[in-house]
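K.L.:
What follows is my_file21.cif, mmCIF, C-alpha atoms.
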```
data_run
#
loop_
_atom_site.label_atom_id
_atom_site.label_comp_id
_atom_site.auth_asym_id
_atom_site.auth_seq_id
_atom_site.Cartn_x
_atom_site.Cartn_y
_atom_site.Cartn_z
CA MET A 1 -15.50 78.26 65.17
CA ALA A 2 -12.59 79.99 66.89
CA GLU A 3 -9.12 79.49 65.50
CA VAL A 4 -6.98 76.87 67.19
CA LYS A 5 -4.12 78.26 69.29
CA ILE A 6 -0.56 77.18 70.00
CA ALA A 7 0.86 76.37 73.44
CA ALA A 8 4.17 75.06 74.76
CA GLN A 9 4.55 72.14 77.15
CA VAL A 10 6.91 73.56 79.78
CA TYR A 11 8.44 70.09 80.29
CA SER A 12 10.19 70.69 76.98
CA VAL A 13 12.25 73.47 78.58
CA ARG A 14 12.23 72.16 82.14
CA GLY A 15 15.91 72.89 82.77
CA GLU A 16 15.40 76.52 81.86
CA ALA A 17 12.18 76.76 83.88
CA GLU A 18 13.90 75.31 86.93
CA LYS A 19 16.57 78.01 86.81
CA ASP A 20 14.40 80.97 85.83
CA PHE A 21 10.68 80.37 85.46
CA PRO A 22 9.58 83.95 84.63
CA GLY A 23 12.47 84.37 82.19
CA THR A 24 11.56 81.11 80.48
CA MET A 25 7.94 82.21 80.10
CA LYS A 26 9.16 85.44 78.51
CA ALA A 27 11.29 83.45 76.08
CA LEU A 28 8.36 81.19 75.13
CA LYS A 29 6.20 84.24 74.50
CA GLU A 30 8.92 85.65 72.26
CA CYS A 31 8.89 82.36 70.32
CA GLY A 32 5.26 83.09 69.46
CA TYR A 33 3.38 80.88 71.91
CA GLU A 34 -0.04 81.97 73.13
CA GLY A 35 -0.26 79.58 76.06
CA VAL A 36 1.55 76.98 78.12
CA GLU A 37 0.89 73.57 79.57
CA LEU A 38 2.55 73.23 82.95
CA ALA A 39 4.49 70.25 84.25
CA GLY A 40 5.17 71.17 87.87
CA LEU A 41 5.47 74.48 89.70
CA TYR A 42 9.24 74.42 90.29
CA GLY A 43 8.92 75.41 93.93
CA HIS A 44 6.75 78.46 93.22
CA SER A 45 3.28 79.20 94.54
CA PRO A 46 0.22 78.99 92.27
CA GLU A 47 -0.20 82.74 92.69
CA GLU A 48 3.37 83.42 91.50
CA ILE A 49 2.90 81.19 88.47
CA ARG A 50 -0.42 82.86 87.67
CA ASP A 51 1.05 86.34 87.90
CA TRP A 52 4.12 85.55 85.78
CA LEU A 53 1.91 84.07 83.07
CA GLN A 54 -0.36 87.10 83.17
CA GLU A 55 2.64 89.39 82.80
CA GLN A 56 3.55 87.62 79.55
CA GLU A 57 -0.09 87.31 78.43
CA LEU A 58 0.31 83.53 78.25
CA VAL A 59 -2.80 81.41 78.79
CA PRO A 60 -2.37 78.63 81.39
CA VAL A 61 -4.10 76.11 79.19
CA SER A 62 -3.49 72.96 81.17
CA ALA A 63 -1.16 71.10 83.49
CA HIS A 64 0.22 67.59 83.71
CA VAL A 65 -0.24 66.36 87.27
CA GLY A 66 0.75 62.93 88.57
CA LEU A 67 -1.72 60.75 90.44
CA ASP A 68 0.45 60.84 93.55
CA LEU A 69 -0.29 64.52 94.10
CA PHE A 70 -4.02 63.88 93.90
CA GLN A 71 -3.68 61.02 96.35
CA GLN A 72 -1.89 63.29 98.81
CA ASP A 73 -4.39 66.17 98.51
CA LEU A 74 -7.03 65.92 95.82
CA GLU A 75 -8.97 69.10 96.55
CA GLY A 76 -5.88 71.18 97.27
CA THR A 77 -4.15 70.06 94.07
CA VAL A 78 -7.15 70.84 91.89
CA ALA A 79 -7.60 74.19 93.65
CA ALA A 80 -3.95 75.12 93.03
CA TYR A 81 -4.30 74.73 89.28
CA ARG A 82 -7.66 76.47 89.35
CA THR A 83 -5.91 79.42 91.02
CA ILE A 84 -3.39 79.50 88.18
CA GLY A 85 -6.29 79.54 85.74
CA CYS A 86 -5.90 76.17 84.01
CA ARG A 87 -8.89 74.96 82.04
CA TYR A 88 -7.59 71.39 81.84
CA ILE A 89 -5.62 68.96 84.01
CA GLY A 90 -3.94 66.03 82.32
CA ILE A 91 -2.96 62.68 83.80
CA PRO A 92 0.44 62.33 82.11
CA TYR A 93 1.26 58.67 82.70
CA LEU A 94 0.07 55.45 84.32
CA PRO A 95 2.50 52.68 85.37
CA GLY A 96 1.72 49.09 84.44
CA GLU A 97 -0.04 48.18 87.66
CA ARG A 98 -2.54 51.00 87.05
CA LEU A 99 -3.37 49.97 83.47
CA PRO A 100 -6.14 47.51 82.49
CA GLY A 101 -5.32 44.12 83.99
CA GLY A 102 -2.99 45.62 86.59
CA SER A 103 -3.39 45.11 90.33
CA LEU A 104 -4.30 48.78 90.91
CA TYR A 105 -6.49 49.33 87.87
CA GLU A 106 -9.83 49.42 89.66
CA GLU A 107 -8.39 51.77 92.28
CA THR A 108 -7.09 53.98 89.49
CA CYS A 109 -10.46 54.18 87.77
CA SER A 110 -12.10 55.13 91.05
CA LEU A 111 -9.47 57.81 91.72
CA MET A 112 -9.80 59.25 88.22
CA ARG A 113 -13.55 59.50 88.67
CA GLU A 114 -12.96 61.46 91.89
CA ILE A 115 -10.45 63.74 90.20
CA SER A 116 -12.69 64.39 87.21
CA HIS A 117 -15.61 65.17 89.52
CA SER A 118 -13.52 67.61 91.53
CA CYS A 119 -12.27 69.24 88.32
CA ARG A 120 -15.79 69.60 86.99
CA GLU A 121 -16.96 71.24 90.21
CA LYS A 122 -14.29 73.91 89.67
CA GLY A 123 -15.04 74.41 86.00
CA MET A 124 -12.13 72.30 84.77
CA ILE A 125 -11.84 69.16 82.64
CA LEU A 126 -9.68 66.09 83.23
CA LEU A 127 -7.63 64.76 80.30
CA TYR A 128 -5.66 61.55 79.82
CA HIS A 129 -2.33 61.71 77.95
CA ASN A 130 -1.03 58.59 76.22
CA HIS A 131 2.34 57.04 75.44
CA THR A 132 2.96 54.06 73.15
CA PHE A 133 1.83 51.29 75.48
CA GLU A 134 -1.80 52.44 75.42
CA PHE A 135 -1.89 51.17 71.84
CA GLU A 136 -1.22 47.60 72.87
CA LYS A 137 -4.16 45.20 72.90
CA THR A 138 -5.79 43.88 76.05
CA PRO A 139 -6.86 40.20 76.37
CA SER A 140 -10.34 41.28 75.27
CA GLY A 141 -8.92 42.60 71.99
CA THR A 142 -9.41 46.30 72.62
CA PHE A 143 -6.66 48.88 72.83
CA VAL A 144 -5.55 49.83 76.33
CA LEU A 145 -6.50 53.44 75.62
CA GLU A 146 -10.01 52.41 74.61
CA GLU A 147 -10.43 50.22 77.66
CA ILE A 148 -9.47 53.06 80.01
CA TYR A 149 -12.27 55.21 78.60
CA GLN A 150 -14.74 52.33 78.43
CA SER A 151 -14.08 51.52 82.08
CA LEU A 152 -15.04 55.05 83.04
CA GLY A 153 -18.21 54.90 80.98
CA ALA A 154 -19.28 56.64 77.80
CA GLU A 155 -21.13 59.41 79.62
CA GLU A 156 -18.12 60.28 81.77
CA LEU A 157 -15.88 60.29 78.71
CA GLN A 158 -18.03 62.97 77.15
CA THR A 159 -18.69 65.12 80.21
CA GLU A 160 -15.70 64.62 82.47
CA LEU A 161 -12.70 62.64 81.20
CA GLN A 162 -11.45 63.65 77.77
CA THR A 163 -8.37 62.69 75.79
CA GLU A 164 -5.13 64.54 75.15
CA LEU A 165 -3.75 62.59 72.24
CA ASP A 166 0.03 62.54 71.99
CA THR A 167 0.30 62.24 68.22
CA CYS A 168 3.98 61.24 68.28
CA TRP A 169 3.55 58.20 70.50
CA ALA A 170 0.49 57.13 68.55
CA LYS A 171 2.54 57.19 65.34
CA VAL A 172 5.53 55.43 66.94
CA ALA A 173 3.14 52.70 68.10
CA GLY A 174 2.14 52.12 64.49
CA GLU A 175 -1.16 53.96 64.63
CA ASP A 176 -2.55 56.81 62.54
CA PRO A 177 -2.84 59.90 64.81
CA ALA A 178 -5.53 61.41 62.58
CA ALA A 179 -7.68 58.29 62.91
CA TRP A 180 -7.53 58.49 66.70
CA LEU A 181 -8.42 62.17 66.66
CA GLN A 182 -11.43 61.27 64.56
CA LYS A 183 -12.33 58.45 66.93
CA TYR A 184 -12.51 60.92 69.83
CA GLN A 185 -13.93 63.79 67.83
CA GLY A 186 -15.22 66.53 70.11
CA ARG A 187 -13.41 65.00 73.08
CA CYS A 188 -9.80 66.00 72.33
CA PRO A 189 -9.55 69.72 73.09
CA VAL A 190 -5.78 69.66 73.65
CA VAL A 191 -3.51 67.84 71.19
CA HIS A 192 0.19 67.11 71.72
CA MET A 193 2.25 67.94 68.65
CA LYS A 194 5.58 66.13 68.65
CA ASP A 195 7.94 64.90 65.94
CA PHE A 196 10.55 62.16 65.71
CA ARG A 197 13.09 60.40 63.52
CA ARG A 198 13.89 56.70 63.42
CA GLY A 199 17.48 55.53 63.17
CA GLN A 200 19.83 52.79 64.20
CA ASP A 201 19.48 53.94 67.81
CA GLY A 202 15.68 53.78 67.65
CA VAL A 203 13.28 56.68 67.93
CA GLN A 204 14.71 60.11 68.67
CA LEU A 205 12.60 63.20 69.15
CA ALA A 206 13.10 66.12 66.78
CA ALA A 207 11.88 69.68 66.44
CA LEU A 208 8.34 69.75 65.08
CA GLY A 209 8.36 69.74 61.30
CA THR A 210 11.83 68.19 60.96
CA GLY A 211 10.88 64.55 61.42
CA GLU A 212 8.50 61.89 60.09
CA GLN A 213 5.17 63.28 61.23
CA ASP A 214 2.61 64.59 58.76
CA VAL A 215 2.24 67.73 60.84
CA ALA A 216 -0.06 69.57 58.44
CA GLY A 217 -2.38 66.58 58.15
CA ILE A 218 -2.58 66.18 61.91
CA VAL A 219 -3.31 69.88 62.37
CA ARG A 220 -6.05 69.77 59.77
CA THR A 221 -7.70 66.76 61.40
CA ALA A 222 -7.31 68.19 64.91
CA VAL A 223 -9.11 71.35 63.90
CA GLU A 224 -11.85 69.41 62.13
CA CYS A 225 -12.33 67.32 65.28
CA GLY A 226 -12.76 70.32 67.57
CA ALA A 227 -9.31 70.87 69.09
CA ALA A 228 -8.80 74.23 70.76
CA TRP A 229 -5.08 74.01 71.51
CA LEU A 230 -2.07 72.46 69.82
CA VAL A 231 0.65 71.87 72.41
CA VAL A 232 4.25 71.57 71.21
CA GLU A 233 6.20 69.09 73.31
CA GLN A 234 9.72 67.73 72.90
CA ASP A 235 10.84 65.57 75.80
CA ASP A 236 14.52 65.76 74.90
CA HIS A 237 16.68 67.54 72.35
CA PRO A 238 19.32 65.44 70.58
CA TRP A 239 19.61 68.18 67.93
CA GLY A 240 19.61 71.86 68.87
CA SER A 241 18.87 73.61 72.14
CA PRO A 242 15.48 73.29 73.89
CA MET A 243 14.41 76.88 73.23
CA GLU A 244 15.62 76.79 69.62
CA ASN A 245 13.59 73.66 69.01
CA MET A 246 10.52 75.14 70.67
CA ARG A 247 10.84 78.20 68.45
CA THR A 248 11.07 75.93 65.39
CA GLY A 249 7.98 74.03 66.50
CA CYS A 250 5.94 77.16 67.01
CA LYS A 251 6.94 78.60 63.64
CA CYS A 252 6.06 75.29 61.98
CA LEU A 253 2.52 75.41 63.35
CA GLU A 254 2.15 79.13 62.64
CA GLY A 255 3.00 78.47 58.99
CA ILE A 256 0.50 75.63 58.71
CA LEU A 257 -2.25 77.64 60.38
CA ALA A 258 -1.50 80.69 58.22
CA ALA A 259 -1.93 78.49 55.17
CA GLY A 260 -5.53 77.88 56.12
CA CYS A 261 -5.58 74.85 58.41
CA GLY A 262 -6.67 76.83 61.44
CA LYS A 263 -10.40 76.83 60.84
CA ALA A 264 -12.87 74.02 60.41
#
```
Can you give me the file's structure in the form of structure tokens?
P.N.:
Amino acid sequence: MAEVKIAAQVYSVRGEAEKDFPGTMKALKECGYEGVELAGLYGHSPEEIRDWLQEQELVPVSAHVGLDLFQQDLEGTVAAYRTIGCRYIGIPYLPGERLPGGSLYEETCSLMREISHSCREKGMILLYHNHTFEFEKTPSGTFVLEEIYQSLGAEELQTELQTELDTCWAKVAGEDPAAWLQKYQGRCPVVHMKDFRRGQDGVQLAALGTGEQDVAGIVRTAVECGAAWLVVEQDDHPWGSPMENMRTGCKCLEGILAAGCGKA
């Protein structure tokens, strides 16, 4: 089995990327990252993004793309990220009306089937990225996250829609990230690595390896369950600068992988 690789979610350094996208990619490469997960194109063309990533020898692993863009132009949106070279496209978030029991849930399931089919036709795979609310229970007693996949059917879960587990939000919701990776073994190729601390002001995100997460344990389980990429994401930075924190996160994972957690 190939060693798992480390990527950066560009949303973590979105301010820097907005001002200077190619310079930010260079900085992420210097941090040690092998790939990136995109979160918008910052006004640039897919060809420009592709070329800047190639210059830095960064793999365009995946991209978070909102449903609204697919609704506006499904085929064009998928084609844009195929041009960049992304292997995966992730649905980053669903509002309440699009979750199980919501007024737009059936429409959402239909749209996600269309997106996943279009992705598959272009050699790509659709992922779903969770927050905390997917770990609430539905009236039927299942978790929201489970119901989303069940609604799309077991076969489609395996061949089209796969999961991008955000291990931080799973933990914050009171769940064991490793258990959910095991639940979707073989179906979670991209794993979000994120850390946090709890205090009087609630949950605050922290550089990977400086918070409450059992990072080494999650990495070990992710590799055992078939993950190909570990994506470092930090939505905000209450301590340290964005690029400093991303460097810390990358070095944390490099140390764990060097210690032998990188192979199943």
K.L.:
Report as a tab-separated table the residues of stretch 4-61 of chain A within 12 Å of stretch 92-110 of chain A, each with its shortest atom pair and distance in Å (one decimal), using only C-alpha atoms, ordered by chain and increasing residue number.
P.N.:
```
residue	atom	partner	partner_atom	distance
A:Gln9	CA	A:Pro92	CA	11.7
A:Tyr11	CA	A:Pro92	CA	11.3
A:Glu37	CA	A:Pro92	CA	11.5
A:Leu38	CA	A:Pro92	CA	11.1
A:Ala39	CA	A:Pro92	CA	9.1
A:Gly40	CA	A:Pro92	CA	11.6
```
K.L.:
Could you save the residues just selected, with C-alpha atoms, as a tab-separated table (two decimals), keeping the file's coordinate frame?
P.N.:
```
chain	number	residue	atom	x	y	z
A	9	GLN	CA	4.55	72.14	77.15
A	11	TYR	CA	8.44	70.09	80.29
A	37	GLU	CA	0.89	73.57	79.57
A	38	LEU	CA	2.55	73.23	82.95
A	39	ALA	CA	4.49	70.25	84.25
A	40	GLY	CA	5.17	71.17	87.87
```
K.L.:
May I have the residues at most 10 Å from (-9.3, 50.5, 79.5) in the file's coordinates, counting all atoms listed in the file, as number ranges by chain?
P.N.:
A: 99-101, 105, 109, 134, 137-138, 142-152
K.L.:
Once the PyMOL selection byres ((chain A and resi 56) around 8) has been applied to the shown file, what residues remain in the selection, as a PyMOL selection string?
P.N.:
chain A and resi 25-26+29+52-55+57-58
K.L.:
Kindly provide, as a ChimeraX atom specification, the polymer residues lying within 12 Å of (4.3, 66.1, 60.0), counting only C-alpha atoms and using the coordinates exactly as they appear in the file.
P.N.:
/A:167-168,171,176-178,193-197,206-220,249,252-253,256
K.L.:
Skip A:Ile125 itself and residues of its chain fewer than 2 positions away, then list as an mmCIF file with C-alpha atoms, keeping the file's coordinate frame all residues within 9 Å of it, counting all atoms listed in the file.
P.N.:
```
data_model
loop_
_atom_site.group_PDB
_atom_site.id
_atom_site.type_symbol
_atom_site.label_atom_id
_atom_site.label_comp_id
_atom_site.auth_asym_id
_atom_site.auth_seq_id
_atom_site.Cartn_x
_atom_site.Cartn_y
_atom_site.Cartn_z
ATOM 1 C CA ARG A 87 -8.890 74.960 82.040
ATOM 2 C CA TYR A 88 -7.590 71.390 81.840
ATOM 3 C CA ILE A 89 -5.620 68.960 84.010
ATOM 4 C CA GLY A 90 -3.940 66.030 82.320
ATOM 5 C CA SER A 116 -12.690 64.390 87.210
ATOM 6 C CA HIS A 117 -15.610 65.170 89.520
ATOM 7 C CA CYS A 119 -12.270 69.240 88.320
ATOM 8 C CA ARG A 120 -15.790 69.600 86.990
ATOM 9 C CA LYS A 122 -14.290 73.910 89.670
ATOM 10 C CA GLY A 123 -15.040 74.410 86.000
ATOM 11 C CA LEU A 127 -7.630 64.760 80.300
ATOM 12 C CA THR A 159 -18.690 65.120 80.210
ATOM 13 C CA GLU A 160 -15.700 64.620 82.470
ATOM 14 C CA LEU A 161 -12.700 62.640 81.200
ATOM 15 C CA GLN A 162 -11.450 63.650 77.770
#
```
K.L.:
Report, in Å to a single decimal, how far apart atom CA of A:Asn245 and atom CA of A:Gln204 are.
P.N.:
13.6 Å
K.L.:
Between A:Ala7, A:Val190, A:Leu41, A:Leu111, single out the one closest to A:Val223, counting all atoms listed in the file.
P.N.:
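Of all the options, A:Val190 lies closest to A:Val223.
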K.L.:
Which of these residues is nearest to A:Leu69, using only C-alpha atoms: A:Ile84, A:Cys31, A:Leu126, A:Ile91?
P.N.:
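Under the stated criterion, the closest residue is A:Ile91.
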K.L.:
Using the chain letters and numbers from the file, give me the residues hit by the PyMOL selection byres ((chain A and resi 233) around 7), as a PyMOL selection string.
P.N.:
chain A and resi 8-9+12+192-194+231-232+234-235
K.L.:
Could you write out the selected residues, including C-alpha atoms, as a CSV table (one decimal), in the coordinates of the input?
P.N.:
```csv
chain,number,residue,atom,x,y,z
A,8,ALA,CA,4.2,75.1,74.8
A,9,GLN,CA,4.6,72.1,77.2
A,12,SER,CA,10.2,70.7,77.0
A,192,HIS,CA,0.2,67.1,71.7
A,193,MET,CA,2.2,67.9,68.6
A,194,LYS,CA,5.6,66.1,68.6
A,231,VAL,CA,0.6,71.9,72.4
A,232,VAL,CA,4.2,71.6,71.2
A,234,GLN,CA,9.7,67.7,72.9
A,235,ASP,CA,10.8,65.6,75.8
```
K.L.:
Could you please fill out stretch 218-239 of chain A with N, CA, C and O atoms and send it back as a JSON list (two decimals), in the coordinates of the input?
P.N.:
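The result, written out as part24.json:
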```json
[["chain", "number", "residue", "atom", "x", "y", "z"],
["A", 218, "ILE", "N", -2.11, 66.30, 60.53],
["A", 218, "ILE", "CA", -2.58, 66.18, 61.91],
["A", 218, "ILE", "C", -3.28, 67.46, 62.35],
["A", 218, "ILE", "O", -4.35, 67.43, 62.98],
["A", 219, "VAL", "N", -2.69, 68.59, 62.01],
["A", 219, "VAL", "CA", -3.31, 69.88, 62.37],
["A", 219, "VAL", "C", -4.69, 69.99, 61.73],
["A", 219, "VAL", "O", -5.68, 70.37, 62.39],
["A", 220, "ARG", "N", -4.78, 69.67, 60.47],
["A", 220, "ARG", "CA", -6.05, 69.77, 59.77],
["A", 220, "ARG", "C", -7.11, 68.90, 60.44],
["A", 220, "ARG", "O", -8.25, 69.34, 60.69],
["A", 221, "THR", "N", -6.75, 67.66, 60.76],
["A", 221, "THR", "CA", -7.70, 66.76, 61.40],
["A", 221, "THR", "C", -8.05, 67.23, 62.81],
["A", 221, "THR", "O", -9.22, 67.16, 63.23],
["A", 222, "ALA", "N", -7.06, 67.71, 63.55],
["A", 222, "ALA", "CA", -7.31, 68.19, 64.91],
["A", 222, "ALA", "C", -8.33, 69.32, 64.92],
["A", 222, "ALA", "O", -9.25, 69.35, 65.75],
["A", 223, "VAL", "N", -8.18, 70.23, 63.98],
["A", 223, "VAL", "CA", -9.11, 71.35, 63.90],
["A", 223, "VAL", "C", -10.50, 70.86, 63.52],
["A", 223, "VAL", "O", -11.51, 71.26, 64.12],
["A", 224, "GLU", "N", -10.57, 69.96, 62.55],
["A", 224, "GLU", "CA", -11.85, 69.41, 62.13],
["A", 224, "GLU", "C", -12.56, 68.69, 63.27],
["A", 224, "GLU", "O", -13.80, 68.66, 63.32],
["A", 225, "CYS", "N", -11.76, 68.11, 64.19],
["A", 225, "CYS", "CA", -12.33, 67.32, 65.28],
["A", 225, "CYS", "C", -12.57, 68.14, 66.54],
["A", 225, "CYS", "O", -12.92, 67.58, 67.58],
["A", 226, "GLY", "N", -12.37, 69.45, 66.47],
["A", 226, "GLY", "CA", -12.76, 70.32, 67.57],
["A", 226, "GLY", "C", -11.66, 70.70, 68.54],
["A", 226, "GLY", "O", -11.95, 71.22, 69.62],
["A", 227, "ALA", "N", -10.40, 70.48, 68.19],
["A", 227, "ALA", "CA", -9.31, 70.87, 69.09],
["A", 227, "ALA", "C", -9.27, 72.39, 69.26],
["A", 227, "ALA", "O", -9.51, 73.14, 68.31],
["A", 228, "ALA", "N", -8.95, 72.81, 70.47],
["A", 228, "ALA", "CA", -8.80, 74.23, 70.76],
["A", 228, "ALA", "C", -7.34, 74.65, 70.86],
["A", 228, "ALA", "O", -7.00, 75.79, 70.55],
["A", 229, "TRP", "N", -6.50, 73.70, 71.30],
["A", 229, "TRP", "CA", -5.08, 74.01, 71.51],
["A", 229, "TRP", "C", -4.20, 72.91, 70.93],
["A", 229, "TRP", "O", -4.47, 71.73, 71.11],
["A", 230, "LEU", "N", -3.14, 73.33, 70.26],
["A", 230, "LEU", "CA", -2.07, 72.46, 69.82],
["A", 230, "LEU", "C", -0.88, 72.73, 70.72],
["A", 230, "LEU", "O", -0.39, 73.86, 70.78],
["A", 231, "VAL", "N", -0.43, 71.71, 71.43],
["A", 231, "VAL", "CA", 0.65, 71.87, 72.41],
["A", 231, "VAL", "C", 1.93, 71.24, 71.86],
["A", 231, "VAL", "O", 1.98, 70.03, 71.62],
["A", 232, "VAL", "N", 2.96, 72.06, 71.67],
["A", 232, "VAL", "CA", 4.25, 71.57, 71.21],
["A", 232, "VAL", "C", 5.01, 71.00, 72.39],
["A", 232, "VAL", "O", 5.21, 71.67, 73.40],
["A", 233, "GLU", "N", 5.42, 69.74, 72.24],
["A", 233, "GLU", "CA", 6.20, 69.09, 73.31],
["A", 233, "GLU", "C", 7.37, 68.36, 72.68],
["A", 233, "GLU", "O", 7.24, 67.69, 71.65],
["A", 234, "GLN", "N", 8.55, 68.51, 73.28],
["A", 234, "GLN", "CA", 9.72, 67.73, 72.90],
["A", 234, "GLN", "C", 10.44, 67.33, 74.18],
["A", 234, "GLN", "O", 11.08, 68.15, 74.82],
["A", 235, "ASP", "N", 10.33, 66.05, 74.52],
["A", 235, "ASP", "CA", 10.84, 65.57, 75.80],
["A", 235, "ASP", "C", 12.34, 65.74, 75.95],
["A", 235, "ASP", "O", 12.84, 65.99, 77.05],
["A", 236, "ASP", "N", 13.07, 65.54, 74.87],
["A", 236, "ASP", "CA", 14.52, 65.76, 74.90],
["A", 236, "ASP", "C", 14.97, 66.32, 73.56],
["A", 236, "ASP", "O", 14.20, 66.35, 72.59],
["A", 237, "HIS", "N", 16.22, 66.75, 73.49],
["A", 237, "HIS", "CA", 16.68, 67.54, 72.35],
["A", 237, "HIS", "C", 18.04, 67.05, 71.85],
["A", 237, "HIS", "O", 19.07, 67.67, 72.12],
["A", 238, "PRO", "N", 18.04, 65.94, 71.10],
["A", 238, "PRO", "CA", 19.32, 65.44, 70.58],
["A", 238, "PRO", "C", 19.94, 66.37, 69.53],
["A", 238, "PRO", "O", 21.14, 66.31, 69.29],
["A", 239, "TRP", "N", 19.11, 67.20, 68.91],
["A", 239, "TRP", "CA", 19.61, 68.18, 67.93],
["A", 239, "TRP", "C", 19.10, 69.57, 68.32],
["A", 239, "TRP", "O", 17.90, 69.79, 68.43]]
```
